[in-house]
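With mmCIF, N, CA and C atoms inside, this is my_file07.cif:
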```cif
data_entry
#
loop_
_atom_site.label_atom_id
_atom_site.label_comp_id
_atom_site.auth_asym_id
_atom_site.auth_seq_id
_atom_site.Cartn_x
_atom_site.Cartn_y
_atom_site.Cartn_z
N MET A 645 209.30 8.99 202.71
CA MET A 645 210.58 9.18 202.04
C MET A 645 210.41 8.95 200.54
N LEU A 646 211.06 9.79 199.75
CA LEU A 646 210.98 9.67 198.30
C LEU A 646 211.89 8.57 197.80
N PRO A 647 211.49 7.83 196.75
CA PRO A 647 212.39 6.84 196.16
C PRO A 647 213.57 7.53 195.51
N ARG A 648 214.63 6.82 195.29
CA ARG A 648 215.84 7.39 194.69
C ARG A 648 216.20 6.61 193.44
N VAL A 649 216.84 7.30 192.51
CA VAL A 649 217.34 6.65 191.30
C VAL A 649 218.82 6.96 191.16
N LEU A 650 219.51 6.13 190.42
CA LEU A 650 220.92 6.38 190.14
C LEU A 650 220.99 7.21 188.87
N CYS A 651 221.97 8.12 188.82
CA CYS A 651 221.96 9.10 187.73
C CYS A 651 222.96 8.82 186.61
N CYS A 652 223.57 7.66 186.56
CA CYS A 652 224.55 7.41 185.51
C CYS A 652 224.29 6.10 184.80
N THR A 653 224.51 6.10 183.52
CA THR A 653 224.60 4.86 182.76
C THR A 653 225.72 5.06 181.76
N ARG A 654 226.87 4.45 182.02
CA ARG A 654 228.00 4.64 181.12
C ARG A 654 229.02 3.53 181.34
N SER A 655 229.39 2.87 180.29
CA SER A 655 230.44 1.88 180.29
C SER A 655 230.86 1.68 178.85
N PRO A 656 232.15 1.43 178.59
CA PRO A 656 232.57 1.32 177.19
C PRO A 656 231.96 0.13 176.46
N LEU A 657 231.74 -1.01 177.12
CA LEU A 657 231.25 -2.19 176.42
C LEU A 657 229.85 -2.61 176.82
N ARG A 658 229.47 -2.35 178.04
CA ARG A 658 228.16 -2.76 178.53
C ARG A 658 227.49 -1.57 179.21
N VAL A 659 226.19 -1.56 179.19
CA VAL A 659 225.47 -0.50 179.86
C VAL A 659 225.31 -0.90 181.32
N LEU A 660 225.96 -0.17 182.17
CA LEU A 660 225.90 -0.44 183.61
C LEU A 660 225.38 0.80 184.31
N THR A 661 224.76 0.61 185.43
CA THR A 661 224.31 1.76 186.21
C THR A 661 225.34 2.03 187.28
N LEU A 662 225.91 3.23 187.25
CA LEU A 662 226.92 3.65 188.21
C LEU A 662 226.31 4.69 189.13
N ALA A 663 226.59 4.62 190.39
CA ALA A 663 226.03 5.60 191.32
C ALA A 663 226.94 6.82 191.37
N CYS A 664 226.49 7.93 190.84
CA CYS A 664 227.27 9.16 191.00
C CYS A 664 226.60 10.04 192.04
N ARG A 665 225.30 9.93 192.19
CA ARG A 665 224.59 10.66 193.23
C ARG A 665 223.13 10.25 193.15
N ALA A 666 222.53 9.96 194.28
CA ALA A 666 221.11 9.64 194.31
C ALA A 666 220.32 10.93 194.16
N VAL A 667 219.29 10.87 193.34
CA VAL A 667 218.46 12.03 193.08
C VAL A 667 217.03 11.70 193.49
N PRO A 668 216.36 12.53 194.31
CA PRO A 668 214.98 12.24 194.67
C PRO A 668 214.09 12.23 193.44
N VAL A 669 213.16 11.29 193.42
CA VAL A 669 212.22 11.18 192.31
C VAL A 669 210.90 11.80 192.74
N ARG A 670 210.43 12.79 192.00
CA ARG A 670 209.16 13.44 192.32
C ARG A 670 208.14 13.25 191.20
N SER A 671 208.62 12.93 190.00
CA SER A 671 207.70 12.74 188.89
C SER A 671 208.33 11.79 187.89
N GLN A 672 207.56 11.39 186.91
CA GLN A 672 208.06 10.51 185.86
C GLN A 672 209.20 11.17 185.11
N MET A 673 209.19 12.50 184.96
CA MET A 673 210.23 13.23 184.25
C MET A 673 211.59 13.02 184.92
N ASP A 674 211.62 13.00 186.24
CA ASP A 674 212.88 12.79 186.96
C ASP A 674 213.50 11.45 186.61
N VAL A 675 212.66 10.42 186.47
CA VAL A 675 213.16 9.08 186.18
C VAL A 675 213.78 9.02 184.80
N LYS A 676 213.20 9.74 183.85
CA LYS A 676 213.66 9.68 182.47
C LYS A 676 214.98 10.41 182.23
N ASN A 677 215.26 11.50 182.95
CA ASN A 677 216.44 12.32 182.68
C ASN A 677 217.17 12.70 183.96
N PRO A 678 217.64 11.75 184.75
CA PRO A 678 218.25 12.10 186.03
C PRO A 678 219.54 12.91 185.92
N VAL A 679 220.37 12.65 184.92
CA VAL A 679 221.61 13.41 184.78
C VAL A 679 221.30 14.84 184.37
N GLU A 680 220.40 15.00 183.41
CA GLU A 680 220.00 16.34 182.99
C GLU A 680 219.42 17.12 184.16
N ARG A 681 218.58 16.48 184.94
CA ARG A 681 217.96 17.13 186.10
C ARG A 681 219.04 17.55 187.11
N THR A 682 220.03 16.70 187.33
CA THR A 682 221.11 17.03 188.26
C THR A 682 221.91 18.23 187.76
N ILE A 683 222.20 18.27 186.46
CA ILE A 683 222.92 19.40 185.88
C ILE A 683 222.14 20.69 186.11
N ARG A 684 220.85 20.67 185.79
CA ARG A 684 220.00 21.86 185.97
C ARG A 684 219.99 22.31 187.43
N THR A 685 219.80 21.36 188.32
CA THR A 685 219.69 21.68 189.74
C THR A 685 220.98 22.30 190.27
N LYS A 686 222.11 21.68 189.98
CA LYS A 686 223.39 22.18 190.49
C LYS A 686 223.74 23.55 189.92
N LEU A 687 223.59 23.72 188.61
CA LEU A 687 223.92 25.01 188.00
C LEU A 687 223.00 26.11 188.53
N THR A 688 221.73 25.79 188.74
CA THR A 688 220.78 26.77 189.27
C THR A 688 221.14 27.15 190.70
N GLN A 689 221.46 26.17 191.53
CA GLN A 689 221.78 26.44 192.92
C GLN A 689 223.04 27.28 193.08
N VAL A 690 224.06 26.99 192.30
CA VAL A 690 225.36 27.66 192.49
C VAL A 690 225.47 28.96 191.69
N LEU A 691 224.96 28.98 190.47
CA LEU A 691 225.17 30.14 189.60
C LEU A 691 223.97 31.08 189.48
N ALA A 692 222.82 30.70 190.01
CA ALA A 692 221.61 31.52 189.93
C ALA A 692 221.46 32.14 188.53
N PRO A 693 221.38 31.31 187.50
CA PRO A 693 221.36 31.85 186.14
C PRO A 693 220.07 32.61 185.81
N GLU A 694 220.24 33.64 184.98
CA GLU A 694 219.09 34.36 184.44
C GLU A 694 218.48 33.55 183.30
N HIS A 695 219.31 32.74 182.66
CA HIS A 695 218.86 31.87 181.57
C HIS A 695 219.72 30.61 181.62
N LEU A 696 219.09 29.45 181.44
CA LEU A 696 219.81 28.18 181.46
C LEU A 696 219.19 27.24 180.45
N GLU A 697 220.02 26.68 179.59
CA GLU A 697 219.58 25.64 178.66
C GLU A 697 220.51 24.46 178.83
N VAL A 698 219.93 23.28 178.97
CA VAL A 698 220.69 22.04 179.09
C VAL A 698 220.17 21.11 178.00
N LEU A 699 221.02 20.77 177.05
CA LEU A 699 220.63 19.91 175.94
C LEU A 699 221.40 18.59 176.00
N ASN A 700 220.67 17.51 175.99
CA ASN A 700 221.28 16.19 175.92
C ASN A 700 221.55 15.89 174.45
N GLU A 701 222.82 15.84 174.08
CA GLU A 701 223.20 15.58 172.69
C GLU A 701 223.72 14.16 172.49
N SER A 702 223.43 13.30 173.43
CA SER A 702 223.93 11.93 173.36
C SER A 702 223.47 11.20 172.11
N HIS A 703 222.25 11.49 171.66
CA HIS A 703 221.70 10.83 170.47
C HIS A 703 222.54 11.09 169.22
N MET A 704 223.41 12.09 169.26
CA MET A 704 224.26 12.43 168.12
C MET A 704 225.55 11.61 168.11
N HIS A 705 225.70 10.72 169.07
CA HIS A 705 226.93 9.96 169.24
C HIS A 705 226.64 8.47 169.30
N ALA A 706 227.68 7.67 169.22
CA ALA A 706 227.54 6.22 169.22
C ALA A 706 227.37 5.72 170.66
N VAL A 707 226.19 5.93 171.19
CA VAL A 707 225.85 5.47 172.54
C VAL A 707 224.48 4.81 172.49
N PRO A 708 224.17 3.99 173.48
CA PRO A 708 222.85 3.34 173.49
C PRO A 708 221.72 4.35 173.57
N PRO A 709 220.57 4.03 173.02
CA PRO A 709 219.41 4.93 173.12
C PRO A 709 219.09 5.25 174.58
N GLY A 710 218.72 6.49 174.83
CA GLY A 710 218.39 6.91 176.19
C GLY A 710 219.58 7.31 177.03
N SER A 711 220.78 7.31 176.46
CA SER A 711 221.98 7.68 177.21
C SER A 711 221.96 9.15 177.61
N GLU A 712 222.66 9.45 178.68
CA GLU A 712 222.86 10.83 179.13
C GLU A 712 224.36 11.03 179.36
N SER A 713 225.09 11.15 178.27
CA SER A 713 226.55 11.22 178.38
C SER A 713 227.16 12.44 177.69
N HIS A 714 226.46 13.05 176.77
CA HIS A 714 226.96 14.20 176.01
C HIS A 714 225.98 15.35 176.16
N PHE A 715 226.45 16.49 176.70
CA PHE A 715 225.57 17.62 176.96
C PHE A 715 226.15 18.92 176.44
N ARG A 716 225.27 19.86 176.13
CA ARG A 716 225.62 21.24 175.81
C ARG A 716 224.83 22.09 176.79
N VAL A 717 225.51 23.03 177.46
CA VAL A 717 224.82 23.94 178.38
C VAL A 717 225.09 25.38 177.98
N LEU A 718 224.06 26.18 178.14
CA LEU A 718 224.16 27.63 177.99
C LEU A 718 223.76 28.20 179.34
N VAL A 719 224.68 28.90 179.98
CA VAL A 719 224.43 29.48 181.29
C VAL A 719 224.66 30.98 181.20
N VAL A 720 223.64 31.75 181.55
CA VAL A 720 223.74 33.20 181.59
C VAL A 720 223.63 33.60 183.05
N SER A 721 224.73 34.12 183.60
CA SER A 721 224.76 34.42 185.03
C SER A 721 225.58 35.67 185.33
N GLN A 722 225.09 36.40 186.31
CA GLN A 722 225.81 37.57 186.82
C GLN A 722 227.15 37.15 187.43
N ARG A 723 227.23 35.90 187.89
CA ARG A 723 228.46 35.39 188.50
C ARG A 723 229.64 35.40 187.53
N PHE A 724 229.39 35.48 186.23
CA PHE A 724 230.46 35.46 185.24
C PHE A 724 231.07 36.84 185.00
N GLU A 725 230.46 37.89 185.55
CA GLU A 725 230.99 39.24 185.39
C GLU A 725 232.44 39.30 185.87
N GLY A 726 233.32 39.83 185.04
CA GLY A 726 234.73 40.00 185.41
C GLY A 726 235.57 38.74 185.29
N LEU A 727 234.97 37.62 184.89
CA LEU A 727 235.73 36.37 184.74
C LEU A 727 236.07 36.15 183.27
N SER A 728 237.25 35.60 183.04
CA SER A 728 237.62 35.24 181.67
C SER A 728 236.80 34.02 181.25
N LEU A 729 236.80 33.72 179.96
CA LEU A 729 236.08 32.56 179.45
C LEU A 729 236.59 31.29 180.12
N LEU A 730 237.90 31.18 180.27
CA LEU A 730 238.49 30.02 180.92
C LEU A 730 238.01 29.90 182.37
N GLN A 731 237.96 30.99 183.10
CA GLN A 731 237.50 30.97 184.49
C GLN A 731 236.02 30.57 184.57
N ARG A 732 235.23 31.01 183.62
CA ARG A 732 233.81 30.65 183.59
C ARG A 732 233.64 29.15 183.38
N HIS A 733 234.39 28.61 182.42
CA HIS A 733 234.31 27.18 182.14
C HIS A 733 234.79 26.37 183.34
N ARG A 734 235.85 26.83 183.99
CA ARG A 734 236.33 26.14 185.18
C ARG A 734 235.27 26.13 186.28
N LEU A 735 234.56 27.23 186.42
CA LEU A 735 233.51 27.33 187.43
C LEU A 735 232.39 26.32 187.14
N VAL A 736 231.95 26.24 185.90
CA VAL A 736 230.92 25.26 185.53
C VAL A 736 231.43 23.84 185.75
N ASN A 737 232.67 23.58 185.33
CA ASN A 737 233.25 22.25 185.53
C ASN A 737 233.34 21.89 187.01
N GLU A 738 233.67 22.86 187.84
CA GLU A 738 233.75 22.62 189.28
C GLU A 738 232.38 22.26 189.86
N VAL A 739 231.35 22.96 189.42
CA VAL A 739 229.99 22.68 189.89
C VAL A 739 229.58 21.25 189.51
N LEU A 740 229.98 20.81 188.33
CA LEU A 740 229.58 19.49 187.83
C LEU A 740 230.70 18.45 187.95
N GLN A 741 231.60 18.65 188.88
CA GLN A 741 232.77 17.78 189.04
C GLN A 741 232.39 16.31 189.18
N ASP A 742 231.44 15.99 190.04
CA ASP A 742 231.05 14.58 190.25
C ASP A 742 230.53 13.95 188.97
N GLU A 743 229.66 14.66 188.27
CA GLU A 743 229.07 14.13 187.05
C GLU A 743 230.11 13.98 185.94
N LEU A 744 231.04 14.93 185.85
CA LEU A 744 232.09 14.85 184.83
C LEU A 744 233.03 13.68 185.08
N SER A 745 233.22 13.32 186.32
CA SER A 745 234.12 12.20 186.61
C SER A 745 233.43 10.85 186.55
N ASN A 746 232.09 10.84 186.52
CA ASN A 746 231.38 9.56 186.53
C ASN A 746 230.39 9.35 185.39
N CYS A 747 229.67 10.37 185.02
CA CYS A 747 228.53 10.20 184.11
C CYS A 747 228.71 10.85 182.75
N ILE A 748 229.20 12.06 182.75
CA ILE A 748 229.24 12.87 181.54
C ILE A 748 230.55 12.62 180.80
N HIS A 749 230.41 12.24 179.54
CA HIS A 749 231.59 12.01 178.70
C HIS A 749 232.03 13.31 178.02
N ALA A 750 231.06 14.16 177.64
CA ALA A 750 231.39 15.40 176.94
C ALA A 750 230.44 16.50 177.39
N LEU A 751 231.01 17.69 177.61
CA LEU A 751 230.21 18.84 178.03
C LEU A 751 230.68 20.08 177.25
N ALA A 752 229.80 20.61 176.42
CA ALA A 752 230.06 21.86 175.71
C ALA A 752 229.43 22.98 176.52
N ILE A 753 230.21 24.02 176.79
CA ILE A 753 229.75 25.10 177.68
C ILE A 753 229.74 26.43 176.95
N GLN A 754 228.62 27.14 177.07
CA GLN A 754 228.54 28.55 176.70
C GLN A 754 228.21 29.28 177.99
N ALA A 755 229.12 30.09 178.46
CA ALA A 755 228.94 30.82 179.72
C ALA A 755 228.98 32.31 179.41
N LYS A 756 227.82 32.97 179.56
CA LYS A 756 227.71 34.37 179.18
C LYS A 756 227.22 35.22 180.36
N THR A 757 227.61 36.48 180.32
CA THR A 757 227.05 37.45 181.26
C THR A 757 225.68 37.88 180.71
N PRO A 758 224.82 38.46 181.54
CA PRO A 758 223.54 38.94 181.02
C PRO A 758 223.71 39.95 179.87
N GLN A 759 224.71 40.80 179.96
CA GLN A 759 224.95 41.78 178.90
C GLN A 759 225.34 41.08 177.59
N GLN A 760 226.20 40.08 177.67
CA GLN A 760 226.59 39.32 176.48
C GLN A 760 225.37 38.60 175.88
N TRP A 761 224.53 38.06 176.73
CA TRP A 761 223.34 37.34 176.29
C TRP A 761 222.38 38.27 175.55
N GLN A 762 222.24 39.50 176.05
CA GLN A 762 221.36 40.46 175.38
C GLN A 762 221.88 40.80 173.99
N GLY A 763 223.19 40.84 173.84
CA GLY A 763 223.79 41.14 172.54
C GLY A 763 223.74 39.98 171.57
N ASP A 764 223.68 38.74 172.07
CA ASP A 764 223.66 37.56 171.20
C ASP A 764 222.95 36.41 171.92
N PRO A 765 221.62 36.38 171.86
CA PRO A 765 220.86 35.35 172.57
C PRO A 765 220.70 34.05 171.76
N THR A 766 221.83 33.44 171.38
CA THR A 766 221.77 32.21 170.61
C THR A 766 222.55 31.11 171.30
N LEU A 767 222.13 29.89 171.03
CA LEU A 767 222.83 28.71 171.51
C LEU A 767 223.57 28.11 170.33
N ALA A 768 224.87 27.93 170.47
CA ALA A 768 225.66 27.34 169.39
C ALA A 768 225.19 25.92 169.13
N LYS A 769 225.39 25.46 167.91
CA LYS A 769 225.03 24.09 167.54
C LYS A 769 226.28 23.25 167.47
N SER A 770 226.14 22.01 167.89
CA SER A 770 227.26 21.08 167.83
C SER A 770 227.38 20.49 166.44
N PRO A 771 228.61 20.29 165.99
CA PRO A 771 228.81 19.62 164.70
C PRO A 771 228.48 18.14 164.84
N PRO A 772 228.20 17.46 163.74
CA PRO A 772 227.92 16.03 163.83
C PRO A 772 229.16 15.28 164.33
N CYS A 773 228.92 14.20 165.01
CA CYS A 773 230.01 13.37 165.52
C CYS A 773 230.68 12.65 164.35
N LEU A 774 231.99 12.84 164.20
CA LEU A 774 232.71 12.23 163.09
C LEU A 774 233.84 11.31 163.55
N GLY A 775 234.10 11.29 164.84
CA GLY A 775 235.26 10.54 165.29
C GLY A 775 234.92 9.45 166.27
N GLY A 776 235.96 8.93 166.87
CA GLY A 776 235.79 7.94 167.91
C GLY A 776 235.08 6.70 167.42
N SER A 777 234.24 6.17 168.28
CA SER A 777 233.60 4.89 168.00
C SER A 777 232.53 4.97 166.92
N LYS A 778 232.13 6.16 166.51
CA LYS A 778 231.13 6.30 165.46
C LYS A 778 231.64 5.68 164.15
N GLN A 779 232.95 5.70 163.94
CA GLN A 779 233.55 5.14 162.73
C GLN A 779 233.99 3.68 162.92
N ASP A 780 233.83 3.15 164.12
CA ASP A 780 234.25 1.79 164.45
C ASP A 780 233.11 0.83 164.11
N SER A 781 233.32 -0.05 163.14
CA SER A 781 232.25 -0.95 162.71
C SER A 781 231.86 -1.96 163.78
N SER A 782 232.68 -2.15 164.81
CA SER A 782 232.34 -3.11 165.87
C SER A 782 231.45 -2.50 166.94
N VAL A 783 231.16 -1.21 166.83
CA VAL A 783 230.35 -0.54 167.85
C VAL A 783 228.95 -1.15 167.94
N ALA A 784 228.33 -1.45 166.80
CA ALA A 784 226.99 -2.03 166.83
C ALA A 784 226.97 -3.31 167.65
N ASP A 785 228.01 -4.14 167.50
CA ASP A 785 228.10 -5.37 168.28
C ASP A 785 228.25 -5.07 169.77
N LYS A 786 229.07 -4.08 170.08
CA LYS A 786 229.28 -3.72 171.49
C LYS A 786 228.00 -3.18 172.11
N LEU A 787 227.28 -2.33 171.36
CA LEU A 787 226.03 -1.77 171.88
C LEU A 787 224.99 -2.86 172.05
N LYS A 788 224.92 -3.79 171.10
CA LYS A 788 223.97 -4.89 171.20
C LYS A 788 224.30 -5.75 172.41
N ALA A 789 225.57 -6.01 172.66
CA ALA A 789 225.99 -6.81 173.82
C ALA A 789 225.60 -6.11 175.11
N GLY A 790 225.65 -4.78 175.12
CA GLY A 790 225.28 -4.02 176.31
C GLY A 790 223.81 -4.08 176.61
N ARG A 791 222.98 -4.31 175.59
CA ARG A 791 221.53 -4.40 175.80
C ARG A 791 221.09 -5.79 176.19
N ASP A 792 221.92 -6.79 175.90
CA ASP A 792 221.57 -8.20 176.24
C ASP A 792 221.71 -8.49 177.71
#
```
Translate this file's structure into structure tokens.
Amino acid sequence: MLPRVLCCTRSPLRVLTLACRAVPVRSQMDVKNPVERTIRTKLTQVLAPEHLEVLNESHMHAVPPGSESHFRVLVVSQRFEGLSLLQRHRLVNEVLQDELSNCIHALAIQAKTPQQWQGDPTLAKSPPCLGGSKQDSSVADKLKAGRD
């Protein structure tokens, strides 16, 4: 039997491990990025994407090092044909429902059809984080307390 790891680390004041879903560990890579791996696996299984990019943007926010809480995904799938942008986003959100309710704080979605991807094969860039706890001077103390 393969060992299992927990795929979430998120708490406002302390870094706690929350069980959102056990993920089989097959390599050292799985241990380092369990939430990212879960996102890739679920989107691949349900949407059969022709192209998939999953970027962990947590480092751009006021979170502890190594966090997996802020992501940007680019999904190119035939499943999006005939769906509005809102319907595409809802579909991605539905696939990642467990992670969004437990692990992921922010998810930026680009959902394109293969034809749209051929016309514009770019991944949008996120703006720098300017709000929330990034401007709160007590965040450093909270993050330090979470590491102790």
* **Å distance separating atom N of His714 of chain A from atom N of Gly726 of chain A, one decimal place** =>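 The value is 28.9 Å.
Taking atom CA of Leu696 of chain A and atom CA of Ala755 of chain A as the two end points, the separation is 9.7 Å.
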* To do: For Ala752 of chain A, please output as a ChimeraX atom specification all residues within 8 Å (counting all atoms listed in the file; exclusion window: fewer than 2 positions along the same chain).
  => /A:714-718,749-750,754-755
* segment 697-753 of chain A: which residues are helix (DSSP H, G or I) by DSSP, as a list in words? -> Ser702, His703, Met704, Gln722, Arg723, Phe724, Leu729, Leu730, Gln731, Arg732, His733, Arg734, Leu735, Val736, Asn737, Glu738, Val739, Gln741, Asp742, Glu743, Leu744, Ser745 and Asn746 of chain A
* Calculate how many Å separate atom CA of His695 of chain A from atom CA of Lys676 of chain A, rounding to one decimal. =>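 Going from atom CA of His695 of chain A over to atom CA of Lys676 of chain A covers 22.8 Å.
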* To do: Quick one: everything within 8 Å of Ser713 of chain A, counting only N, CA and C atoms, minus sequence neighbours fewer than 2 positions away in the same chain. Send it as a ChimeraX atom specification.
  => /A:653-654,679-680,700-703,710-711,715-716,747-751
* **Chain and number of each residue from the PyMOL selection byres (((chain A and resi 733 and name CA) around 12) and name CA), as a ChimeraX atom specification** => /A:717-719,723-724,727-732,734-741,751-756
* **Residue among A:Leu699, A:Asn677, A:Glu712, A:Glu743 lying closest to Ala768 of chain A, counting only C-alpha atoms** =>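 Result for the nearest residue to Ala768 of chain A: A:Leu699.
Remark: for Arg681 of chain A, the closest of the candidate residues A:Pro708, A:Gln759, A:Val698, A:Pro693 is A:Val698 (distances computed over only C-alpha atoms).
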What's the 8 Å shell around Glu725 of chain A, counting all atoms listed in the file, without same-chain residues fewer than 4 positions away, as a tab-separated table (two decimals) with N, CA and C atoms, keeping the file's coordinate frame?
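Here's the written file part20.tsv:
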```tsv
chain	number	residue	atom	x	y	z
A	721	SER	N	224.73	34.12	183.60
A	721	SER	CA	224.76	34.42	185.03
A	721	SER	C	225.58	35.67	185.33
A	756	LYS	N	227.82	32.97	179.56
A	756	LYS	CA	227.71	34.37	179.18
A	756	LYS	C	227.22	35.22	180.36
A	757	THR	N	227.61	36.48	180.32
A	757	THR	CA	227.05	37.45	181.26
A	757	THR	C	225.68	37.88	180.71
A	758	PRO	N	224.82	38.46	181.54
A	758	PRO	CA	223.54	38.94	181.02
A	758	PRO	C	223.71	39.95	179.87
```
* List every residue of segment 658-777 of chain A that DSSP, applied to the backbone of this structure, places in strand (DSSP E or B), and write the result as a list in words. =>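 Strand (DSSP E or B) members of segment 658-777 of chain A, listed: Thr661, Leu662, Ala663, Cys664, Arg665, Ala666, Val667, Pro668, His695, Leu696, Glu697, Val698, Leu699, Asn700, His714, Phe715, Arg716, Val717, Leu718, Val719, Val720, Ala750, Leu751, Ala752, Ile753, Gln754, Ala755 and Lys756 of chain A.
Among A:Leu744, A:Ala706, A:Ala692, A:Ile683, the residue with the shortest atom-to-atom distance to Gln722 of chain A, counting all atoms listed in the file, is A:Ala692.
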